[in-house]
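Structure file coords22.txt with compact mmCIF, C-alpha atoms and all ligand atoms:
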```
# COMPACT_ATOMS: atom_id res chain seq x y z
CA MET A 1 -29.57 13.94 48.13
CA LEU A 2 -27.80 16.98 49.49
CA ASN A 3 -29.04 19.63 47.08
CA VAL A 4 -31.80 19.95 44.51
CA TYR A 5 -32.01 21.50 41.07
CA PRO A 6 -34.03 24.63 40.25
CA ILE A 7 -37.36 23.75 38.66
CA SER A 8 -36.71 26.56 36.17
CA ALA A 9 -34.19 24.23 34.49
CA THR A 10 -37.09 22.07 33.28
CA VAL A 11 -39.22 24.70 31.54
CA GLU A 12 -37.87 23.99 28.07
CA ASN A 13 -39.62 20.62 27.96
CA TRP A 14 -41.12 20.99 24.48
CA VAL A 15 -39.36 17.99 22.90
CA HIS A 16 -40.97 15.73 25.48
CA ASP A 17 -44.30 17.57 25.28
CA ALA A 18 -44.47 17.25 21.50
CA ILE A 19 -43.69 13.53 21.41
CA TYR A 20 -45.92 12.79 24.37
CA ALA A 21 -48.84 14.54 22.65
CA LYS A 22 -48.15 12.74 19.35
CA VAL A 23 -48.06 9.29 20.95
CA LYS A 24 -51.23 10.02 22.88
CA ALA A 25 -52.98 11.22 19.72
CA GLY A 26 -51.88 8.04 17.92
CA LEU A 27 -53.30 5.78 20.65
CA LYS A 28 -56.59 7.71 20.71
CA ALA A 29 -56.90 7.58 16.93
CA PHE A 30 -56.63 3.79 16.91
CA ASP A 31 -59.30 3.60 19.60
CA GLN A 32 -61.66 5.55 17.35
CA GLY A 33 -60.92 3.25 14.43
CA ASN A 34 -58.80 5.83 12.62
CA THR A 35 -55.19 5.71 11.49
CA ALA A 36 -52.55 7.45 13.57
CA PRO A 37 -51.76 11.04 12.57
CA ASP A 38 -48.66 11.55 10.41
CA TRP A 39 -45.49 12.43 12.26
CA SER A 40 -45.21 15.85 10.68
CA HIS A 41 -48.90 16.75 11.21
CA GLU A 42 -49.02 19.75 13.56
CA MET A 43 -45.51 18.91 14.73
CA ARG A 44 -43.00 21.47 16.05
CA VAL A 45 -40.98 22.67 13.09
CA GLU A 46 -37.67 21.67 14.75
CA LEU A 47 -38.86 18.04 14.95
CA ALA A 48 -41.09 17.68 11.89
CA ASP A 49 -38.39 16.61 9.46
CA ARG A 50 -36.25 14.52 11.81
CA GLU A 51 -36.02 11.16 10.04
CA ALA A 52 -34.88 9.19 13.11
CA LEU A 53 -37.91 10.32 15.08
CA LYS A 54 -40.30 9.81 12.20
CA THR A 55 -39.05 6.27 11.58
CA ALA A 56 -39.24 5.40 15.28
CA TYR A 57 -42.76 6.87 15.55
CA ASN A 58 -43.96 4.90 12.52
CA ALA A 59 -42.52 1.67 13.95
CA PHE A 60 -44.28 2.40 17.24
CA CYS A 61 -47.61 2.98 15.45
CA THR A 62 -47.25 -0.21 13.42
CA ALA A 63 -46.73 -2.20 16.62
CA VAL A 64 -49.64 -0.49 18.39
CA GLN A 65 -51.98 -1.07 15.45
CA GLU A 66 -51.72 -4.82 15.90
CA LEU A 67 -52.90 -4.66 19.51
CA GLY A 68 -56.39 -4.81 20.93
CA PRO A 69 -58.09 -1.90 22.74
CA ARG A 70 -57.37 -3.31 26.20
CA GLN A 71 -53.67 -3.55 25.49
CA ARG A 72 -53.62 -0.08 23.97
CA GLY A 73 -55.31 1.16 27.12
CA LYS A 74 -52.45 -0.24 29.19
CA ILE A 75 -49.95 1.60 27.01
CA LEU A 76 -51.80 4.89 27.43
CA LEU A 77 -51.90 4.36 31.17
CA ALA A 78 -48.14 3.68 31.30
CA LEU A 79 -47.41 6.73 29.14
CA GLU A 80 -49.34 8.94 31.57
CA ALA A 81 -48.19 7.28 34.79
CA GLN A 82 -44.47 7.28 33.97
CA ASN A 83 -44.68 11.03 33.44
CA LYS A 84 -46.59 11.80 36.65
CA ILE A 85 -43.55 13.45 38.15
CA PRO A 86 -43.09 14.12 41.04
CA ASP A 87 -46.17 12.08 42.16
CA VAL A 88 -44.47 8.76 41.33
CA PHE A 89 -41.64 9.56 43.75
CA ASP A 90 -44.08 9.30 46.70
CA GLY A 91 -43.78 5.51 46.95
CA ALA A 92 -47.46 4.84 46.24
CA THR A 93 -48.64 6.41 42.96
CA ALA A 94 -49.02 3.63 40.39
CA CYS A 95 -46.30 3.50 37.76
CA PRO A 96 -46.32 0.41 35.51
CA ARG A 97 -42.97 -0.65 34.11
CA LEU A 98 -42.24 -1.43 30.48
CA ASP A 99 -42.20 -5.17 31.17
CA THR A 100 -45.91 -5.07 32.07
CA LEU A 101 -46.77 -3.99 28.51
CA PRO A 102 -47.24 -6.27 25.49
CA ALA A 103 -43.87 -7.67 24.37
CA ARG A 104 -44.08 -6.39 20.79
CA ILE A 105 -44.44 -2.76 21.89
CA ARG A 106 -41.42 -2.66 24.20
CA LYS A 107 -38.63 -2.27 21.68
CA PRO A 108 -40.36 0.36 19.52
CA THR A 109 -41.30 2.35 22.65
CA LYS A 110 -37.73 2.40 23.87
CA ALA A 111 -36.41 3.28 20.42
CA LEU A 112 -38.83 6.20 20.04
CA PHE A 113 -37.99 7.80 23.37
CA ASP A 114 -34.28 7.13 22.95
CA ALA A 115 -34.48 9.05 19.67
CA ALA A 116 -36.31 11.83 21.53
CA PHE A 117 -33.58 11.92 24.18
CA ALA A 118 -30.93 12.21 21.46
CA MET A 119 -32.75 15.30 20.18
CA LEU A 120 -32.12 17.08 23.48
CA LYS A 121 -28.42 16.97 22.73
CA SER A 122 -28.55 17.96 19.06
CA LEU A 123 -31.02 20.78 19.78
CA LYS A 124 -28.84 21.93 22.71
CA VAL A 125 -31.80 21.75 25.11
CA ARG A 126 -29.63 19.64 27.36
CA ASP A 127 -26.87 22.26 27.45
CA ARG A 128 -29.30 25.04 28.30
CA GLN A 129 -30.80 22.93 31.09
CA TYR A 130 -27.31 22.38 32.48
CA GLU A 131 -26.41 26.08 32.34
CA VAL A 132 -29.42 26.96 34.51
CA ILE A 133 -28.58 24.18 36.96
CA PHE A 134 -24.87 24.96 37.17
CA ALA A 135 -25.50 28.65 37.85
CA GLU A 136 -27.52 27.86 40.96
CA LEU A 137 -25.87 24.70 42.24
CA PRO A 138 -24.20 25.12 45.65
CA GLY A 139 -20.59 23.98 45.57
CA ARG A 140 -20.83 23.23 41.81
CA CYS A 141 -20.81 19.54 42.56
CA CYS A 142 -22.93 16.44 42.19
CA PRO A 143 -25.87 16.88 44.62
CA PHE A 144 -26.27 13.13 44.98
CA CYS A 145 -22.88 12.68 46.71
CA GLY A 146 -21.38 16.14 47.37
CA ILE A 147 -18.02 14.77 46.29
CA GLU A 148 -17.85 14.83 42.48
CA ILE A 149 -17.06 18.30 41.15
CA PHE A 150 -19.04 19.40 38.07
CA GLU A 151 -17.36 20.96 35.04
CA ALA A 152 -18.48 24.41 33.94
CA PRO A 153 -20.89 24.63 30.98
CA GLY A 154 -19.04 24.35 27.67
CA LEU A 155 -16.47 21.88 29.02
CA ALA A 156 -16.83 18.08 28.99
CA ARG A 157 -20.48 17.26 29.70
CA GLU A 158 -21.50 15.62 32.96
CA ASP A 159 -23.71 12.54 32.72
CA LEU A 160 -27.40 13.20 32.34
CA ASP A 161 -29.09 10.50 34.36
CA HIS A 162 -32.51 9.06 33.60
CA TYR A 163 -33.66 9.20 37.22
CA LEU A 164 -36.48 6.78 36.39
CA PRO A 165 -34.33 4.42 34.27
CA ARG A 166 -35.30 4.38 30.62
CA THR A 167 -35.01 0.60 30.45
CA LEU A 168 -38.00 0.41 32.83
CA TYR A 169 -39.82 3.70 32.30
CA PRO A 170 -39.02 4.72 28.70
CA PHE A 171 -42.00 7.07 28.35
CA ALA A 172 -40.17 9.51 30.66
CA GLY A 173 -37.00 9.13 28.60
CA ALA A 174 -36.94 12.69 27.25
CA ASN A 175 -38.83 14.42 30.06
CA LEU A 176 -36.51 17.05 31.59
CA ARG A 177 -38.30 16.52 34.88
CA ASN A 178 -36.78 13.04 34.90
CA LEU A 179 -33.32 14.03 33.69
CA ALA A 180 -30.74 14.87 36.31
CA PRO A 181 -27.12 15.91 35.71
CA MET A 182 -25.08 13.53 37.83
CA GLY A 183 -21.42 12.77 38.50
CA GLY A 184 -20.06 9.82 36.51
CA LYS A 185 -19.36 7.72 39.61
CA CYS A 186 -22.83 8.20 41.05
CA ASN A 187 -24.39 7.46 37.69
CA ARG A 188 -22.36 4.59 36.30
CA ALA A 189 -20.59 2.95 39.25
CA TYR A 190 -23.37 3.17 41.83
CA LYS A 191 -26.86 3.94 40.51
CA ASN A 192 -26.54 2.35 37.09
CA VAL A 193 -30.02 1.01 36.18
CA ALA A 194 -31.32 0.82 39.77
CA ASP A 195 -35.03 1.51 40.09
CA VAL A 196 -35.39 4.46 42.46
CA ILE A 197 -39.13 3.92 42.99
CA CYS A 198 -39.05 0.15 43.49
CA ASP A 199 -36.70 -1.98 45.62
CA GLY A 200 -35.12 -5.29 44.62
CA ASP A 201 -38.13 -7.23 46.00
CA GLY A 202 -40.57 -5.26 43.89
CA HIS A 203 -41.86 -3.08 46.73
CA ARG A 204 -42.53 0.54 45.97
CA ARG A 205 -40.40 3.07 47.82
CA ARG A 206 -40.08 6.80 48.27
CA CYS A 207 -37.20 8.71 46.77
CA PHE A 208 -35.98 12.28 46.58
CA ASP A 209 -37.18 14.49 43.72
CA PRO A 210 -34.10 16.03 42.05
CA TYR A 211 -36.16 19.15 41.28
CA GLY A 212 -38.11 19.13 44.56
CA GLN A 213 -37.62 20.72 47.96
CA GLU A 214 -36.55 17.92 50.29
CA ARG A 215 -32.91 17.12 50.88
CA ALA A 216 -30.71 15.40 53.42
CA GLU A 217 -28.00 16.54 55.81
CA VAL A 218 -25.16 14.51 57.22
CA SER A 219 -24.09 14.31 60.86
CA LEU A 220 -21.02 12.58 62.30
CA MET A 221 -21.88 13.59 65.87
CA GLY A 222 -22.33 10.00 67.01
CA SER A 223 -18.77 9.04 66.02
CA ARG A 224 -16.27 7.95 68.71
CA PRO A 225 -12.71 9.29 68.44
CA PHE A 226 -9.83 6.78 68.92
CA GLU A 227 -12.16 3.76 68.59
CA GLY A 228 -12.01 3.13 64.86
CA GLY A 229 -8.70 1.28 64.75
CA GLY A 230 -5.48 2.16 63.03
CA ALA A 231 -2.21 2.50 64.91
CA GLY A 232 0.26 5.42 64.97
CA PRO A 233 -0.37 9.08 65.67
CA PHE A 234 -3.67 9.27 63.75
CA PRO A 235 -6.06 6.59 65.11
CA LEU A 236 -9.41 6.80 63.34
CA PRO A 237 -12.68 7.51 65.08
CA ALA A 238 -15.34 4.80 64.91
CA TRP A 239 -17.57 6.53 62.41
CA GLN A 240 -21.27 6.91 62.87
CA ILE A 241 -22.76 8.51 59.79
CA ASP A 242 -26.32 9.75 60.35
CA PHE A 243 -28.61 11.27 57.76
CA ILE A 244 -31.15 13.90 58.68
CA GLY A 245 -34.13 14.03 56.35
CA GLU A 246 -37.26 12.12 55.35
CA ALA A 247 -36.37 8.58 56.46
CA GLN A 248 -37.64 6.58 53.45
CA ALA A 249 -36.23 8.92 50.82
CA VAL A 250 -32.93 8.94 52.70
CA ALA A 251 -32.89 5.12 52.81
CA THR A 252 -33.47 4.89 49.04
CA TRP A 253 -30.75 7.48 48.38
CA ASP A 254 -28.28 5.64 50.60
CA GLN A 255 -29.13 2.26 49.06
CA VAL A 256 -29.00 3.41 45.42
CA PHE A 257 -25.81 5.47 45.72
CA ASP A 258 -24.10 3.50 48.51
CA ILE A 259 -23.68 6.81 50.32
CA ARG A 260 -22.81 5.66 53.84
CA ARG A 261 -20.04 3.34 52.67
CA ARG A 262 -18.60 5.98 50.34
CA TYR A 263 -18.64 8.60 53.11
CA GLU A 264 -16.89 6.23 55.48
CA GLY A 265 -14.21 5.67 52.86
CA LYS A 266 -13.87 9.41 52.32
CA VAL A 267 -13.54 10.42 55.99
CA SER A 268 -11.19 7.52 56.79
CA SER A 269 -8.85 8.16 53.88
CA HIS A 270 -8.73 11.93 54.45
CA PHE A 271 -8.64 11.94 58.25
CA ARG A 272 -4.89 12.38 58.58
CA GLU A 273 -4.63 15.01 55.84
CA TRP A 274 -7.52 17.01 57.36
CA MET A 275 -5.97 16.88 60.83
CA GLU A 276 -2.56 17.91 59.57
CA HIS A 277 -4.11 20.86 57.76
CA PHE A 278 -5.76 21.97 60.98
CA ALA A 279 -2.52 21.59 62.93
CA ASP A 280 -0.56 23.60 60.40
CA TRP A 281 -3.20 26.35 60.31
CA CYS A 282 -3.42 26.39 64.10
CA GLN A 283 0.32 26.73 64.78
CA ARG A 284 0.51 29.64 62.33
CA GLU A 285 -2.73 31.49 63.10
CA VAL A 286 -3.40 30.66 66.75
CA GLY A 287 -0.17 29.25 68.18
CA LEU A 288 0.10 26.37 70.61
CA ILE A 289 -3.12 25.24 72.28
CA GLU A 290 -2.84 23.77 75.77
CA THR A 291 -6.11 23.99 77.68
CA GLN A 292 -9.52 22.62 76.83
CA GLN A 293 -10.77 26.17 76.34
CA GLU A 294 -7.95 26.95 73.90
CA VAL A 295 -8.51 23.77 71.88
CA VAL A 296 -12.27 24.33 71.59
CA LYS A 297 -11.76 27.98 70.66
CA ALA A 298 -9.21 27.08 67.97
CA LEU A 299 -11.54 24.44 66.50
CA ASP A 300 -14.39 26.96 66.54
CA ARG A 301 -12.29 29.47 64.67
CA TYR A 302 -11.12 26.88 62.15
CA ILE A 303 -14.70 25.71 61.48
CA THR A 304 -15.99 29.25 61.05
CA ALA A 305 -13.11 30.87 59.22
CA VAL A 306 -11.56 28.09 57.17
CA LEU A 307 -14.06 25.33 56.45
CA GLN A 308 -16.60 25.76 53.67
CA ARG A 309 -20.27 25.75 54.46
CA THR A 310 -21.00 24.34 51.02
CA HIS A 311 -20.53 20.95 49.35
CA GLY A 312 -17.90 19.87 46.86
CA ASN A 313 -15.18 17.26 47.16
CA GLY A 314 -16.55 16.13 50.52
CA GLU A 315 -16.27 19.54 52.22
CA HIS A 316 -19.51 18.83 54.06
CA LEU A 317 -17.96 15.70 55.59
CA LYS A 318 -14.85 17.57 56.68
CA ARG A 319 -16.99 20.15 58.42
CA ALA A 320 -19.20 17.50 60.05
CA MET A 321 -16.07 15.69 61.26
CA PHE A 322 -14.56 18.83 62.85
CA GLU A 323 -17.90 19.71 64.44
CA MET A 324 -17.96 16.26 66.02
CA MET A 325 -14.35 16.58 67.25
CA ARG A 326 -15.11 20.00 68.70
CA GLN A 327 -18.11 18.64 70.59
CA ARG A 328 -16.09 15.70 71.92
CA CYS A 329 -13.43 18.11 73.21
CA GLU A 330 -16.00 20.24 74.98
CA GLY A 331 -17.39 17.47 77.17
CA GLY A 332 -17.88 13.77 77.73
CA ASP A 333 -15.74 10.84 78.71
CA ILE A 334 -12.95 11.32 76.21
CA SER A 335 -12.65 15.11 76.18
CA GLU A 336 -9.47 15.13 78.30
CA ARG A 337 -7.72 12.60 76.07
CA LEU A 338 -8.82 14.36 72.88
CA VAL A 339 -7.75 17.80 74.10
CA LEU A 340 -4.30 16.40 74.91
CA TRP A 341 -4.15 14.76 71.47
CA PHE A 342 -4.94 18.05 69.69
CA SER A 343 -2.47 19.91 71.89
CA ASN A 344 0.30 17.44 70.99
CA LEU A 345 -0.67 17.45 67.32
CA VAL A 346 -0.22 21.22 67.05
CA ARG A 347 3.01 21.13 69.09
CA SER A 348 4.58 18.49 66.86
CA GLN A 349 3.53 20.44 63.79
CA ARG A 350 5.25 23.53 65.23
CA ARG A 351 8.41 21.46 65.83
CA MET A 352 8.37 20.21 62.26
CA VAL A 353 8.19 23.78 60.98
CA GLU A 354 10.97 25.01 63.27
CA GLU A 355 13.29 22.07 62.68
CA PRO A 356 12.71 20.85 59.14
CA ALA A 357 14.09 17.37 58.58
ZN ZN B 401 -22.01 12.05 42.68
```
Please lay out the structure from this file as structure tokens.
Amino acid sequence: MLNVYPISATVENWVHDAIYAKVKAGLKAFDQGNTAPDWSHEMRVELADREALKTAYNAFCTAVQELGPRQRGKILLALEAQNKIPDVFDGATACPRLDTLPARIRKPTKALFDAAFAMLKSLKVRDRQYEVIFAELPGRCCPFCGIEIFEAPGLAREDLDHYLPRTLYPFAGANLRNLAPMGGKCNRAYKNVADVICDGDGHRRRCFDPYGQERAEVSLMGSRPFEGGGAGPFPLPAWQIDFIGEAQAVATWDQVFDIRRRYEGKVSSHFREWMEHFADWCQREVGLIETQQEVVKALDRYITAVLQRTHGNGEHLKRAMFEMMRQRCEGGDISERLVLWFSNLVRSQRRMVEEPA
């Protein structure tokens, strides 16, 4: 991912903490031959009289009561492991899925933590988490793609993704540490219910922590202008999209969100528009550019003065693309051809302005 969320957005985790503690207390009570504590016993006042939670908790306890100590032990282990965040993102820390637990406990577990997740909305915890995130988020856009723009707090809500999917890891279903605001395309069209810590063959894998430190950068420096096909005045470069960052986490990110393919689509479909914008800016602000030195200088100025350093609607790709073009103009086997192409591009733009059709 390109950016991460401030950890301060996860401090109001009391809904999760309260339910986690209650479930743990219930499991321990059964182990000691006692009955599970009542829902409202020592419960946070905001949650004590919530019927949906109480009903779901009672159903969970009824299901647990019928199990033996070994099976209850597995449930306790899963409860703890699924909430060992960020440890479980390291690709090795054990994290049993729901389908490894006794069949009769699966539905009640999911129902209980789904009810807990619903509380985050009605208690506005979710909105407060988003406000903290939005205030600090570079480019105000989805950090998983850098393309989808986020709405300001108070407008239509962005998706809140269960980073560890709740179908597989329901015990983390209301843990803010596992809940990441995400653009609708990233969430529903690409990630969906993909398991970020386990690949399709069941092998564990590393992934980025949405509230961690590590992130990825994108480079298009290996791309080859003119070699990507397409006829007419705007032949595409053959794109080479490289990611800089921890290799395994980057691979998971790319696989889950189909990043490379989406970026290729973005740069290909915007190439002409981006070039025309440069040409128009250049003929107005710089004038015609004829020599290699003039072309490189104009691109430098455009990159520094016009292009954003942040993310949002693919701005990072536009910048990476112009940085690549600039480098290709400065030296190498195609610099002469590319300099001439830029020179002609700006000249024809000037002509269009002087002699409108
Ligand atoms: Zn996105």
(request) Give as a PyMOL selection string the residues surrounding ligand ZN 401 (chain B) up to a distance of 6 Å, considering all atoms listed in the file. (result) chain A and resi 142+144-145+148+182-183+185-186
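Between atom CA of A:Asn175 and atom CA of A:Val15 the interatomic distance comes to 8.0 Å.
Here the question is which of A:Val11, A:Met119, A:Val346, A:Ala156 gets nearest to A:Leu176 using all atoms listed in the file, and that residue is A:Val11.
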Edge lengths and centre in Å, axis-aligned, stretch 19-35 of chain A plus 5 Å each side, as lines of an AutoDock Vina configuration file:
```
center_x = -52.7
center_y = 8.9
center_z = 17.9
size_x = 28.0
size_y = 21.3
size_z = 22.9
```
If you take only C-alpha atoms and a cut-off of 6 Å, which residues of stretch 70-100 of chain A touch stretch 201-218 of chain A, and what are their nearest atom pairs and distances in Å to one decimal, in chain and number order, as CSV?
```
residue,atom,partner,partner_atom,distance
A:Phe89,CA,A:Cys207,CA,5.4
A:Asp90,CA,A:Arg206,CA,5.0
A:Gly91,CA,A:Arg206,CA,4.1
```
Across A:Arg319, A:Arg301, A:Lys24, A:Lys110, the smallest distance to A:Phe271, with only C-alpha atoms counted, is shown by A:Arg319
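Among A:Asp114, A:Glu136, A:Glu131, A:Asp242, the residue with the shortest atom-to-atom distance to A:Thr167, counting only C-alpha atoms, is A:Asp114.
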Among A:Pro235, A:Ala189, A:Leu288, A:Glu246, A:Ser269 is approached most closely, using all atoms listed in the file, by A:Pro235
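Remark: for A:Asp161, the closest of the candidate residues A:Gly222, A:Pro181, A:Pro143, A:Gly232 is A:Pro181 (distances computed over all atoms listed in the file).
Interatomic distance, atom CA of A:Lys54 to atom CA of A:Glu158: 28.6 Å.
Taking atom CA of A:Arg72 as the reference point, atom CA of A:Pro102 is found at 9.0 Å.
With distances taken over all atoms listed in the file, A:Ile147 is the one residue among A:Val306, A:Ile19, A:Val45, A:Ile147 lying closest to A:Leu2.
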Worksheet entry | Ref. answer, residues at most 12 Å from (2.5, 26.4, 62.0) with all atoms listed in the file, as an NGL selection string | :A and (276-289 or 345-356)
May I have the residues within 10 Å of A:Tyr130 as a ChimeraX atom specification, using only C-alpha atoms and disregarding those fewer than 6 positions away in the same chain? /A:5,9-10,124,152-154,157-158,160,180-181
Export of the given selection (C-alpha atoms) as a PDB file, in the frame of the given file:
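Result went into selection_6.pdb, see below:
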```
ATOM      1  CA  TYR A   5     -32.010  21.500  41.070  1.00  0.00           C
ATOM      2  CA  ALA A   9     -34.190  24.230  34.490  1.00  0.00           C
ATOM      3  CA  THR A  10     -37.090  22.070  33.280  1.00  0.00           C
ATOM      4  CA  LYS A 124     -28.840  21.930  22.710  1.00  0.00           C
ATOM      5  CA  ALA A 152     -18.480  24.410  33.940  1.00  0.00           C
ATOM      6  CA  PRO A 153     -20.890  24.630  30.980  1.00  0.00           C
ATOM      7  CA  GLY A 154     -19.040  24.350  27.670  1.00  0.00           C
ATOM      8  CA  ARG A 157     -20.480  17.260  29.700  1.00  0.00           C
ATOM      9  CA  GLU A 158     -21.500  15.620  32.960  1.00  0.00           C
ATOM     10  CA  LEU A 160     -27.400  13.200  32.340  1.00  0.00           C
ATOM     11  CA  ALA A 180     -30.740  14.870  36.310  1.00  0.00           C
ATOM     12  CA  PRO A 181     -27.120  15.910  35.710  1.00  0.00           C
TER      13      PRO A 181
END
```
Shell of 12 Å around A:Glu315, all atoms listed in the file, local chain residues under 3 positions omitted, as a PyMOL selection string = chain A and resi 138-141+145-149+218+263+266-267+270+274+303+306-312+318-322
Output of the above residues as a compact mmCIF listing (two decimals), keeping the file's coordinate frame, restricted to C-alpha atoms:
```txt
# COMPACT_ATOMS: atom_id res chain seq x y z
CA PRO A 138 -24.20 25.12 45.65
CA GLY A 139 -20.59 23.98 45.57
CA ARG A 140 -20.83 23.23 41.81
CA CYS A 141 -20.81 19.54 42.56
CA CYS A 145 -22.88 12.68 46.71
CA GLY A 146 -21.38 16.14 47.37
CA ILE A 147 -18.02 14.77 46.29
CA GLU A 148 -17.85 14.83 42.48
CA ILE A 149 -17.06 18.30 41.15
CA VAL A 218 -25.16 14.51 57.22
CA TYR A 263 -18.64 8.60 53.11
CA LYS A 266 -13.87 9.41 52.32
CA VAL A 267 -13.54 10.42 55.99
CA HIS A 270 -8.73 11.93 54.45
CA TRP A 274 -7.52 17.01 57.36
CA ILE A 303 -14.70 25.71 61.48
CA VAL A 306 -11.56 28.09 57.17
CA LEU A 307 -14.06 25.33 56.45
CA GLN A 308 -16.60 25.76 53.67
CA ARG A 309 -20.27 25.75 54.46
CA THR A 310 -21.00 24.34 51.02
CA HIS A 311 -20.53 20.95 49.35
CA GLY A 312 -17.90 19.87 46.86
CA LYS A 318 -14.85 17.57 56.68
CA ARG A 319 -16.99 20.15 58.42
CA ALA A 320 -19.20 17.50 60.05
CA MET A 321 -16.07 15.69 61.26
CA PHE A 322 -14.56 18.83 62.85
```
query = So which residues touch A:Tyr169 within 6 Å, counting only C-alpha atoms, skipping near sequence neighbours fewer than 3 positions away, as a PyMOL selection string?
reply = chain A and resi 97-98+165-166
Neighbour list for A:Val88 as number ranges by chain, cut-off 12 Å, all atoms listed in the file, skip fewer than 3 positions in-chain | A: 78, 80-85, 91-97, 163-164, 169, 172, 177-178, 195-198, 204-209
What's the 12 Å shell around A:Gly33, counting all atoms listed in the file, without same-chain residues fewer than 3 positions away, as a PDB file with C-alpha atoms, keeping the file's coordinate frame?
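Listed below is the output, out-v5.pdb:
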```pdb
ATOM      1  CA  GLY A  26     -51.880   8.040  17.920  1.00  0.00           C
ATOM      2  CA  LEU A  27     -53.300   5.780  20.650  1.00  0.00           C
ATOM      3  CA  LYS A  28     -56.590   7.710  20.710  1.00  0.00           C
ATOM      4  CA  ALA A  29     -56.900   7.580  16.930  1.00  0.00           C
ATOM      5  CA  PHE A  30     -56.630   3.790  16.910  1.00  0.00           C
ATOM      6  CA  ALA A  36     -52.550   7.450  13.570  1.00  0.00           C
ATOM      7  CA  GLN A  65     -51.980  -1.070  15.450  1.00  0.00           C
ATOM      8  CA  GLY A  68     -56.390  -4.810  20.930  1.00  0.00           C
ATOM      9  CA  PRO A  69     -58.090  -1.900  22.740  1.00  0.00           C
TER      10      PRO A  69
END
```
